[in-house]
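Dropping final.csv in here (CSV, C-alpha atoms):
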```
chain,number,residue,atom,x,y,z
A,1,MET,CA,-29.1,23.6,26.0
A,2,SER,CA,-30.0,26.9,24.3
A,3,ASP,CA,-29.8,27.4,20.5
A,4,ARG,CA,-27.2,30.1,21.1
A,5,SER,CA,-24.9,27.7,23.0
A,6,GLY,CA,-25.5,25.1,20.3
A,7,THR,CA,-24.4,27.5,17.6
A,8,GLY,CA,-21.3,28.4,19.6
A,9,ILE,CA,-20.3,24.7,19.8
A,10,ARG,CA,-20.8,24.2,16.1
A,11,ARG,CA,-18.6,27.3,15.4
A,12,ALA,CA,-16.0,26.0,17.8
A,13,CYS,CA,-16.0,22.6,16.1
A,14,ILE,CA,-15.7,24.2,12.6
A,15,LEU,CA,-12.8,26.3,13.9
A,16,LEU,CA,-11.1,23.2,15.4
A,17,LEU,CA,-11.5,21.2,12.2
A,18,CYS,CA,-10.0,24.0,10.1
A,19,THR,CA,-7.1,24.1,12.5
A,20,ALA,CA,-6.6,20.4,12.6
A,21,LEU,CA,-6.7,19.7,8.8
A,22,PRO,CA,-3.5,21.5,8.0
A,23,MET,CA,-1.8,19.7,10.9
A,24,MET,CA,-3.0,16.3,9.6
A,25,VAL,CA,-1.8,17.1,6.1
A,26,GLN,CA,1.6,18.3,7.5
A,27,ALA,CA,2.0,15.0,9.4
A,28,THR,CA,1.4,12.8,6.3
A,29,GLU,CA,4.6,10.9,5.6
A,30,ILE,CA,5.9,11.2,2.0
A,31,GLN,CA,7.6,8.2,0.4
A,32,GLY,CA,9.4,8.5,-2.9
A,33,HIS,CA,8.3,5.6,-5.1
A,34,ARG,CA,11.2,3.8,-6.7
A,35,GLY,CA,13.1,7.0,-5.7
A,36,ALA,CA,11.3,9.6,-7.9
A,37,ARG,CA,10.0,7.6,-10.8
A,38,GLY,CA,8.1,10.5,-12.4
A,39,LEU,CA,11.3,12.6,-12.5
A,40,LEU,CA,14.2,10.2,-13.1
A,41,PRO,CA,14.8,6.6,-14.1
A,42,GLU,CA,13.2,4.3,-11.5
A,43,ASN,CA,15.2,2.5,-8.8
A,44,THR,CA,18.5,4.2,-9.8
A,45,LEU,CA,20.9,6.2,-7.6
A,46,PRO,CA,20.0,9.5,-9.4
A,47,ALA,CA,16.3,9.0,-8.6
A,48,PHE,CA,16.9,8.2,-4.9
A,49,LYS,CA,19.3,11.1,-4.6
A,50,ARG,CA,16.7,13.5,-6.1
A,51,ALA,CA,14.0,12.2,-3.7
A,52,ILE,CA,16.4,12.9,-0.7
A,53,GLU,CA,17.1,16.4,-2.1
A,54,LEU,CA,13.4,17.1,-2.3
A,55,GLY,CA,13.0,16.1,1.4
A,56,VAL,CA,11.1,12.8,1.4
A,57,ASP,CA,10.7,11.0,4.7
A,58,GLN,CA,11.3,7.6,3.2
A,59,LEU,CA,12.6,5.9,0.1
A,60,GLU,CA,10.5,3.2,-1.3
A,61,LEU,CA,12.5,0.6,-3.3
A,62,ASP,CA,12.2,-2.9,-4.7
A,63,ILE,CA,14.5,-5.8,-4.0
A,64,GLY,CA,15.5,-8.9,-6.0
A,65,MET,CA,18.5,-11.1,-5.5
A,66,THR,CA,21.2,-12.2,-7.9
A,67,ARG,CA,22.6,-15.7,-8.4
A,68,ASP,CA,25.5,-14.9,-6.1
A,69,GLY,CA,23.2,-13.8,-3.3
A,70,VAL,CA,23.4,-10.0,-3.6
A,71,PRO,CA,20.2,-8.0,-2.9
A,72,VAL,CA,19.8,-5.5,-5.8
A,73,VAL,CA,17.2,-2.8,-6.5
A,74,HIS,CA,15.0,-3.5,-9.4
A,75,HIS,CA,11.2,-3.7,-9.6
A,76,ASP,CA,10.8,-6.8,-11.8
A,77,ARG,CA,12.0,-10.3,-11.2
A,78,ALA,CA,13.7,-10.1,-14.7
A,79,LEU,CA,15.4,-7.1,-16.3
A,80,ASN,CA,12.7,-4.9,-17.8
A,81,PRO,CA,13.3,-4.6,-21.5
A,82,ASP,CA,11.6,-1.2,-21.5
A,83,ILE,CA,14.3,0.3,-19.3
A,84,ALA,CA,17.4,-2.0,-19.8
A,85,ARG,CA,20.1,-1.9,-22.5
A,86,ASP,CA,23.1,-4.1,-22.9
A,87,ALA,CA,26.7,-3.1,-22.9
A,88,ASP,CA,26.4,-2.2,-26.6
A,89,GLY,CA,23.5,0.1,-25.9
A,90,LYS,CA,20.9,-2.2,-27.5
A,91,TRP,CA,17.5,-2.6,-25.9
A,92,LEU,CA,16.9,-6.1,-24.5
A,93,SER,CA,15.0,-8.6,-26.6
A,94,GLY,CA,14.5,-12.3,-26.5
A,95,PRO,CA,14.1,-14.5,-23.4
A,96,ARG,CA,13.7,-12.9,-20.0
A,97,LEU,CA,16.9,-12.3,-18.0
A,98,LEU,CA,15.9,-13.2,-14.5
A,99,LEU,CA,17.9,-11.5,-11.8
A,100,TRP,CA,18.1,-14.8,-10.0
A,101,HIS,CA,20.0,-16.3,-13.0
A,102,LEU,CA,22.6,-13.5,-13.2
A,103,GLN,CA,25.8,-12.9,-11.3
A,104,SER,CA,25.9,-9.4,-9.8
A,105,ARG,CA,28.9,-8.5,-11.9
A,106,ALA,CA,27.0,-9.5,-15.1
A,107,LEU,CA,24.0,-7.5,-14.0
A,108,SER,CA,26.1,-4.3,-13.5
A,109,ALA,CA,26.9,-4.2,-17.2
A,110,PHE,CA,23.3,-3.2,-18.1
A,111,ASP,CA,22.3,0.4,-18.5
A,112,VAL,CA,18.9,1.3,-16.9
A,113,GLY,CA,19.2,5.1,-17.3
A,114,ARG,CA,16.4,5.8,-19.7
A,115,THR,CA,13.1,4.3,-21.0
A,116,ARG,CA,12.6,2.7,-24.4
A,117,PRO,CA,11.0,5.3,-26.7
A,118,GLY,CA,7.3,4.6,-27.3
A,119,SER,CA,7.1,2.2,-24.4
A,120,ARG,CA,4.2,2.4,-21.9
A,121,ILE,CA,6.7,3.7,-19.2
A,122,ALA,CA,7.8,6.5,-21.5
A,123,GLU,CA,4.2,7.4,-22.2
A,124,ARG,CA,3.3,7.4,-18.5
A,125,PHE,CA,6.3,9.5,-17.4
A,126,PRO,CA,7.0,12.1,-20.1
A,127,GLU,CA,8.8,14.3,-17.6
A,128,GLN,CA,11.3,11.7,-16.7
A,129,GLU,CA,14.9,12.8,-17.4
A,130,PRO,CA,17.3,10.2,-18.7
A,131,ARG,CA,20.5,9.4,-16.9
A,132,ASP,CA,22.5,7.3,-19.3
A,133,GLY,CA,25.0,5.0,-17.6
A,134,ALA,CA,22.8,4.4,-14.5
A,135,ARG,CA,23.1,0.8,-13.3
A,136,VAL,CA,21.0,-1.5,-11.2
A,137,PRO,CA,22.2,-0.5,-7.7
A,138,THR,CA,22.7,-2.8,-4.8
A,139,LEU,CA,20.7,-2.5,-1.6
A,140,ARG,CA,23.9,-1.6,0.2
A,141,GLU,CA,24.5,1.3,-2.1
A,142,ILE,CA,21.0,2.7,-1.4
A,143,LEU,CA,21.4,2.3,2.3
A,144,ALA,CA,24.7,4.3,2.2
A,145,LEU,CA,22.6,7.3,1.1
A,146,GLY,CA,21.2,7.4,4.6
A,147,ARG,CA,24.5,8.3,6.0
A,148,GLY,CA,24.9,11.4,3.9
A,149,PRO,CA,24.5,15.0,5.1
A,150,GLY,CA,20.9,15.8,6.1
A,151,ALA,CA,19.8,12.2,5.7
A,152,GLU,CA,20.1,11.2,9.4
A,153,ALA,CA,16.3,10.7,9.7
A,154,LEU,CA,15.8,9.1,6.3
A,155,ARG,CA,14.1,5.7,6.3
A,156,PHE,CA,13.8,2.9,3.8
A,157,ASN,CA,10.7,1.0,2.8
A,158,ILE,CA,12.0,-2.2,1.1
A,159,GLU,CA,9.6,-4.2,-1.0
A,160,ILE,CA,10.8,-7.8,-1.5
A,161,LYS,CA,9.7,-8.9,-5.0
A,162,LEU,CA,8.6,-12.5,-5.5
A,163,SER,CA,5.4,-14.3,-6.5
A,164,PRO,CA,3.7,-17.4,-5.1
A,165,LEU,CA,2.5,-18.1,-8.7
A,166,GLU,CA,6.0,-18.1,-10.2
A,167,PRO,CA,8.3,-19.5,-7.4
A,168,ASP,CA,11.1,-20.4,-9.8
A,169,ASP,CA,11.6,-16.8,-10.8
A,170,THR,CA,13.4,-15.9,-7.6
A,171,ALA,CA,15.1,-17.3,-4.5
A,172,ASP,CA,12.7,-18.7,-1.9
A,173,PRO,CA,11.3,-16.4,0.9
A,174,THR,CA,13.8,-17.6,3.5
A,175,ARG,CA,16.9,-16.8,1.4
A,176,LEU,CA,15.5,-13.5,0.2
A,177,VAL,CA,14.8,-12.3,3.7
A,178,GLN,CA,18.1,-13.7,5.0
A,179,ALA,CA,20.0,-11.7,2.4
A,180,THR,CA,18.0,-8.5,2.9
A,181,VAL,CA,18.2,-8.6,6.7
A,182,GLY,CA,21.9,-9.4,6.5
A,183,VAL,CA,22.6,-6.2,4.6
A,184,LEU,CA,20.4,-4.1,6.9
A,185,GLU,CA,22.1,-5.5,10.0
A,186,SER,CA,25.6,-5.1,8.6
A,187,GLU,CA,24.9,-1.5,7.6
A,188,GLY,CA,23.3,-0.7,10.9
A,189,MET,CA,19.9,0.2,9.2
A,190,SER,CA,17.5,-2.3,10.7
A,191,GLY,CA,16.0,0.4,12.9
A,192,ARG,CA,15.4,2.7,9.9
A,193,ALA,CA,13.8,0.1,7.6
A,194,THR,CA,10.5,-1.6,7.0
A,195,ILE,CA,10.0,-4.6,4.8
A,196,GLN,CA,6.9,-4.9,2.6
A,197,SER,CA,5.5,-7.3,0.1
A,198,PHE,CA,2.4,-8.5,-1.7
A,199,ASP,CA,3.5,-12.0,-1.0
A,200,TRP,CA,2.9,-12.4,2.7
A,201,ARG,CA,5.1,-15.5,3.1
A,202,ILE,CA,7.8,-12.9,3.5
A,203,PHE,CA,6.4,-11.7,6.8
A,204,ARG,CA,6.7,-15.1,8.5
A,205,GLU,CA,10.4,-15.1,7.6
A,206,VAL,CA,11.0,-11.5,8.8
A,207,GLN,CA,9.2,-12.2,12.1
A,208,ALA,CA,11.3,-15.3,12.6
A,209,GLN,CA,14.7,-13.8,11.5
A,210,ALA,CA,14.4,-10.2,12.6
A,211,PRO,CA,11.2,-9.5,14.6
A,212,GLU,CA,12.5,-6.0,15.4
A,213,ILE,CA,11.9,-4.9,11.8
A,214,ARG,CA,8.4,-3.6,11.1
A,215,THR,CA,6.5,-5.3,8.3
A,216,VAL,CA,4.1,-3.7,5.8
A,217,CYS,CA,1.2,-5.7,4.2
A,218,LEU,CA,0.6,-4.6,0.7
A,219,THR,CA,-2.9,-5.2,-0.8
A,220,VAL,CA,-4.8,-4.4,-4.0
A,221,GLU,CA,-8.3,-5.3,-5.0
A,222,ARG,CA,-8.6,-4.4,-8.7
A,223,SER,CA,-9.5,-6.2,-11.9
A,224,TRP,CA,-5.9,-6.0,-13.0
A,225,PHE,CA,-4.5,-7.4,-9.8
A,226,ASP,CA,-6.2,-8.8,-6.7
A,227,THR,CA,-4.2,-10.1,-3.8
A,228,ILE,CA,-7.1,-10.5,-1.4
A,229,GLU,CA,-9.7,-12.5,-3.5
A,230,ARG,CA,-12.6,-11.9,-1.2
A,231,GLY,CA,-15.7,-14.1,-1.7
A,232,ARG,CA,-13.7,-16.9,-3.4
A,233,PRO,CA,-13.3,-20.3,-1.9
A,234,GLY,CA,-10.2,-20.6,0.3
A,235,PRO,CA,-7.4,-18.1,0.9
A,236,SER,CA,-5.6,-16.1,-1.8
A,237,PRO,CA,-2.2,-17.5,-2.8
A,238,TRP,CA,-0.8,-14.1,-1.9
A,239,THR,CA,-1.8,-14.1,1.8
A,240,ALA,CA,0.2,-17.0,3.1
A,241,GLY,CA,-2.8,-19.2,4.0
A,242,LEU,CA,-4.9,-16.4,5.6
A,243,ASP,CA,-8.5,-16.0,4.3
A,244,ILE,CA,-10.2,-12.6,4.3
A,245,ASP,CA,-13.6,-14.3,4.4
A,246,ALA,CA,-12.6,-15.9,7.7
A,247,VAL,CA,-12.3,-12.5,9.3
A,248,GLY,CA,-15.6,-11.1,8.1
A,249,GLY,CA,-14.1,-9.6,4.9
A,250,SER,CA,-12.0,-7.1,6.8
A,251,ALA,CA,-8.7,-6.2,5.1
A,252,PRO,CA,-7.4,-4.5,8.3
A,253,ARG,CA,-8.2,-7.5,10.4
A,254,LEU,CA,-6.4,-9.8,7.9
A,255,VAL,CA,-3.4,-7.5,8.0
A,256,GLN,CA,-3.4,-7.6,11.8
A,257,GLN,CA,-3.6,-11.4,11.6
A,258,ALA,CA,-0.5,-11.4,9.4
A,259,GLY,CA,1.4,-9.6,12.1
A,260,CYS,CA,2.0,-6.4,10.1
A,261,ALA,CA,2.4,-3.0,11.8
A,262,VAL,CA,1.4,-1.2,8.6
A,263,TRP,CA,-1.3,-1.7,6.0
A,264,SER,CA,-0.5,-0.4,2.6
A,265,PRO,CA,-3.5,-0.6,0.2
A,266,TYR,CA,-3.9,0.8,-3.3
A,267,PHE,CA,-5.2,4.2,-2.6
A,268,ARG,CA,-8.4,3.8,-4.5
A,269,ASP,CA,-9.3,0.7,-2.3
A,270,LEU,CA,-9.2,2.8,0.9
A,271,THR,CA,-12.4,4.2,2.4
A,272,ALA,CA,-13.0,6.3,5.5
A,273,ARG,CA,-14.5,3.2,7.2
A,274,THR,CA,-11.6,0.9,6.5
A,275,LEU,CA,-9.1,3.6,7.5
A,276,ALA,CA,-10.9,4.1,10.8
A,277,GLU,CA,-11.0,0.3,11.4
A,278,ALA,CA,-7.3,0.0,10.7
A,279,HIS,CA,-6.4,2.8,13.1
A,280,GLY,CA,-8.7,1.3,15.7
A,281,LEU,CA,-6.7,-1.9,15.4
A,282,GLY,CA,-3.4,0.1,16.0
A,283,LEU,CA,-2.3,-0.2,12.3
A,284,SER,CA,-0.6,2.6,10.4
A,285,VAL,CA,-2.0,3.2,6.9
A,286,VAL,CA,0.3,4.1,4.0
A,287,VAL,CA,-1.4,4.3,0.5
A,288,TRP,CA,0.2,3.7,-2.9
A,289,THR,CA,0.8,5.1,-5.5
A,290,VAL,CA,-0.7,8.6,-5.4
A,291,ASN,CA,0.4,10.9,-8.2
A,292,ASP,CA,-2.4,13.4,-8.7
A,293,VAL,CA,-2.3,16.4,-6.4
A,294,ASN,CA,-6.1,16.3,-5.8
A,295,ASP,CA,-5.8,12.6,-4.8
A,296,MET,CA,-2.9,13.5,-2.5
A,297,GLU,CA,-4.9,16.1,-0.7
A,298,THR,CA,-7.9,13.8,-0.4
A,299,MET,CA,-5.8,11.0,1.2
A,300,ALA,CA,-4.0,13.4,3.5
A,301,THR,CA,-7.2,15.0,4.8
A,302,LEU,CA,-8.8,11.6,5.1
A,303,GLY,CA,-6.1,11.0,7.7
A,304,VAL,CA,-3.7,8.4,6.2
A,305,ASP,CA,-0.3,8.1,7.9
A,306,GLY,CA,1.6,8.3,4.7
A,307,LEU,CA,1.5,8.1,0.9
A,308,ILE,CA,3.8,6.7,-1.7
A,309,THR,CA,4.2,8.7,-4.9
A,310,ASP,CA,6.2,8.8,-8.2
A,311,TYR,CA,6.2,12.6,-7.8
A,312,PRO,CA,7.6,13.5,-4.4
A,313,ASP,CA,8.1,17.1,-5.7
A,314,ARG,CA,4.3,17.5,-6.0
A,315,ALA,CA,3.7,16.0,-2.6
A,316,ILE,CA,6.3,18.2,-1.0
A,317,ARG,CA,4.8,21.3,-2.5
A,318,LEU,CA,1.3,20.3,-1.4
A,319,LEU,CA,2.0,18.9,2.1
A,320,ARG,CA,5.1,20.8,3.1
A,321,PRO,CA,4.7,24.2,1.5
A,322,SER,CA,7.2,25.8,3.9
A,323,GLN,CA,9.9,23.3,3.2
```
Whole structure, structure tokens version:
Amino acid sequence: MSDRSGTGIRRACILLLCTALPMMVQATEIQGHRGARGLLPENTLPAFKRAIELGVDQLELDIGMTRDGVPVVHHDRALNPDIARDADGKWLSGPRLLLWHLQSRALSAFDVGRTRPGSRIAERFPEQEPRDGARVPTLREILALGRGPGAEALRFNIEIKLSPLEPDDTADPTRLVQATVGVLESEGMSGRATIQSFDWRIFREVQAQAPEIRTVCLTVERSWFDTIERGRPGPSPWTAGLDIDAVGGSAPRLVQQAGCAVWSPYFRDLTARTLAEAHGLGLSVVVWTVNDVNDMETMATLGVDGLITDYPDRAIRLLRPSQ
């Protein structure tokens, strides 16, 4: 092959790459984390409505369950005292109020429409606009947003919150999945939802109760939270008896073994090699939680299938400039 023809091929490859990258970025799915946590109070109806108005592909939300069996949307297993006030407008103090110990009617009395001044959440999200009077919504209320004008293609990524380390804080996995799936089926939304969790016991239940619903394996390998525990004796308590060291230290292979269709790692844990491995196994890859525009661009050009962000407005401007 002559040098001239080699140069031509290199030019063609560069041209192809320049053409493909914008297409890859455009195809990256955008999920609004807890609605639009950077803009409005997390996991509230105003935050989810804003995310829809911005044009997200999917709403990411957290599910707990009340004492009377109602799936409700709140990140923590107990009411978070940095975002919750009682009926008198006082910030919560004292013992934790577990969702699992509250009737749904009692839970609806709390206001979660602003963050406590000086709290870590207030410092992290200074742009967040308060919405006094916002309540902890039910899963059914959030799914109803998918029937609104222009939301026909909207999907829901539902994280079931529980911990194998604190099993008494919530209902057991069977009941949590049963309640969640029951609402999805009654609302006709099973085909528009995925179920995710850090606690992989959930997936056994979903696969047994509603195998048609796709599952998403969440992972993180950081000093502040490690659900994989590679290199330690035995499996992590978070992976439902599966041991990453038994599959050569491969997170994608562990996810495949768990039966998930999607791997959702913390974005800083992802590498080009593990992304390629996951795609080679037929897994989709959706990273969390990406808030910096430069990180969004890096992830999109790397080729992830989607990203979860507290700032869907930033992601839309970057990845959908014509929208």
Fill in: Coordinates-based distance that separates CA of Pro252 (chain A) from CA of Pro233 (chain A) (Å, one decimal)
19.7 Å
Item to complete: Please check which residues have atoms at most 10 Å from (23.8, -7.7, -6.9) in the file's coordinates, counting all atoms listed in the file, and write them as a list in words.
Response: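 Every polymer residue passing the test: Ile63, Gly64, Met65, Thr66, Arg67, Asp68, Gly69, Val70, Pro71, Val72, Val73, Leu99, Trp100, Leu102, Gln103, Ser104, Arg105, Ala106, Leu107, Ser108, Val136, Pro137, Thr138, Leu139 and Arg140 of chain A.
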Fill in: Nearest to Val247 (chain A), chosen from A:Asp132, A:Thr309, A:Val287, A:Pro235, with only C-alpha atoms counted in the distances
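Distance minimum relative to Val247 (chain A) lands on A:Pro235.
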Dump as a tab-separated table the rows for residues of region 236-284 of chain A within 10 Å of region 291-304 of chain A: closest atom pair and distance in Å with one decimal, all atoms listed in the file counted, ordered by chain and rising residue number.
```
residue	atom	partner	partner_atom	distance
A:Phe267	CA	A:Met299	CA	7.8
A:Arg268	CA	A:Asp295	CA	9.2
A:Leu270	CA	A:Met299	CA	8.9
A:Thr271	CA	A:Leu302	CA	8.7
A:Ala272	CA	A:Leu302	CA	6.8
A:Leu275	CA	A:Val304	CA	7.3
A:Ala276	CA	A:Gly303	CA	9.0
A:His279	CA	A:Val304	CA	9.3
A:Ser284	CA	A:Val304	CA	7.8
```
Take the residues that were just selected and, keeping C-alpha atoms, output them as a compact mmCIF listing (two decimals), keeping the file's coordinate frame.
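The new file result_6.txt reads:
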```
# COMPACT_ATOMS: atom_id res chain seq x y z
CA PHE A 267 -5.20 4.20 -2.60
CA ARG A 268 -8.40 3.80 -4.50
CA LEU A 270 -9.20 2.80 0.90
CA THR A 271 -12.40 4.20 2.40
CA ALA A 272 -13.00 6.30 5.50
CA LEU A 275 -9.10 3.60 7.50
CA ALA A 276 -10.90 4.10 10.80
CA HIS A 279 -6.40 2.80 13.10
CA SER A 284 -0.60 2.60 10.40
```
Practice prompt. Return the single residue from A:Phe48, A:Arg230, A:Gln209, A:His75 that is closest to Glu185 (chain A), with distances computed using all atoms listed in the file.
Written response: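 The answer is A:Gln209, which sits nearest to Glu185 (chain A).
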Worksheet entry | Long-range neighbours of Trp200 (chain A) as an NGL selection string, 7 Å cut-off, all atoms listed in the file, 3 positions minimum in chain | :A and (197 or 203 or 238-240)
Discussion item. Nearest residue to Arg114 (chain A) out of A:Leu61, A:Leu40, A:Ile160, A:Ala47, using all atoms listed in the file?
Written reply: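 For Arg114 (chain A), the nearest of the candidates is A:Leu40.
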Fill in: Point-to-point distance in Å for CA of Ala109 (chain A) and CA of Gly133 (chain A)
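Distance between the two atoms: 9.4 Å.
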Practice prompt. Enter the distance from CA of Phe110 (chain A) to CA of Glu187 (chain A), in Å, rounded to one decimal.
Written response: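 Taking CA of Phe110 (chain A) and CA of Glu187 (chain A), their separation equals 25.8 Å.
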Fill in: Among listed residues A:Val290, A:Arg96, A:Glu159, A:Thr274, nearest Arg314 (chain A) (using all atoms listed in the file)
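Among the listed residues, A:Val290 lies closest to Arg314 (chain A).
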At most 12 Å is the cut-off: for each residue in region 192-213 of chain A with any atom that close to an atom of region 255-258 of chain A, write down the nearest atom pair and the distance in Å rounded to one decimal, counting all atoms listed in the file, chain first then increasing number, as a Markdown table.
```
| residue | atom | partner | partner_atom | distance |
| --- | --- | --- | --- | --- |
| A:Gln196 | CA | A:Val255 | CA | 11.9 |
| A:Ser197 | CA | A:Ala258 | CA | 11.8 |
| A:Phe198 | CA | A:Val255 | CA | 11.3 |
| A:Asp199 | CA | A:Ala258 | CA | 11.2 |
| A:Trp200 | CA | A:Ala258 | CA | 7.6 |
| A:Arg201 | CA | A:Ala258 | CA | 9.4 |
| A:Ile202 | CA | A:Ala258 | CA | 10.3 |
| A:Phe203 | CA | A:Ala258 | CA | 7.4 |
| A:Arg204 | CA | A:Ala258 | CA | 8.1 |
| A:Glu205 | CA | A:Ala258 | CA | 11.7 |
| A:Val206 | CA | A:Ala258 | CA | 11.5 |
| A:Gln207 | CA | A:Ala258 | CA | 10.1 |
```
Output file for the selection above: C-alpha atoms, as a PDB file, in the frame of the given file:
```pdb
ATOM      1  CA  GLN A 196       6.900  -4.900   2.600  1.00  0.00           C
ATOM      2  CA  SER A 197       5.500  -7.300   0.100  1.00  0.00           C
ATOM      3  CA  PHE A 198       2.400  -8.500  -1.700  1.00  0.00           C
ATOM      4  CA  ASP A 199       3.500 -12.000  -1.000  1.00  0.00           C
ATOM      5  CA  TRP A 200       2.900 -12.400   2.700  1.00  0.00           C
ATOM      6  CA  ARG A 201       5.100 -15.500   3.100  1.00  0.00           C
ATOM      7  CA  ILE A 202       7.800 -12.900   3.500  1.00  0.00           C
ATOM      8  CA  PHE A 203       6.400 -11.700   6.800  1.00  0.00           C
ATOM      9  CA  ARG A 204       6.700 -15.100   8.500  1.00  0.00           C
ATOM     10  CA  GLU A 205      10.400 -15.100   7.600  1.00  0.00           C
ATOM     11  CA  VAL A 206      11.000 -11.500   8.800  1.00  0.00           C
ATOM     12  CA  GLN A 207       9.200 -12.200  12.100  1.00  0.00           C
TER      13      GLN A 207
END
```
Fill in: Selected residue of minimal separation from Arg131 (chain A) among A:Gly113, A:Pro312, A:Pro265, A:Ile228, counting all atoms listed in the file
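Checking each candidate against Arg131 (chain A), we get A:Gly113 as the closest.
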Discussion item. So that I can check the surroundings of Val262 (chain A), please list as an NGL selection string every protein, DNA and RNA residue that reaches within 6 Å of it, counting only C-alpha atoms and ignoring chain neighbours fewer than 3 positions away.
Written reply: :A and (216 or 283-285)
Just the selected residues (C-alpha atoms), exported as a PDB file, in the coordinates of the input, please.
```pdb
ATOM      1  CA  VAL A 216       4.100  -3.700   5.800  1.00  0.00           C
ATOM      2  CA  LEU A 283      -2.300  -0.200  12.300  1.00  0.00           C
ATOM      3  CA  SER A 284      -0.600   2.600  10.400  1.00  0.00           C
ATOM      4  CA  VAL A 285      -2.000   3.200   6.900  1.00  0.00           C
TER       5      VAL A 285
END
```
Within 12 Å of region 147-158 of chain A, which residues of region 226-306 of chain A come that close, and what is the closest atom pair and distance in Å for each? Count only C-alpha atoms and give it as a Markdown table.
```
| residue | atom | partner | partner_atom | distance |
| --- | --- | --- | --- | --- |
| A:Val262 | CA | A:Asn157 | CA | 11.2 |
| A:Ser264 | CA | A:Asn157 | CA | 11.3 |
| A:Val286 | CA | A:Asn157 | CA | 10.9 |
| A:Gly306 | CA | A:Asn157 | CA | 11.8 |
```
Worksheet entry | Arg85 (chain A) environment, 8 Å, all atoms listed in the file, sequence neighbours closer than 3 positions dropped, as a PyMOL selection string | chain A and resi 81+88-92+110-112
Practice prompt. Pick out the closest residue to His33 (chain A) from this set: A:Ile308, A:Ile316, A:Cys260, A:Leu79. Count all atoms listed in the file.
Written response: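 Checking each candidate against His33 (chain A), we get A:Ile308 as the closest.
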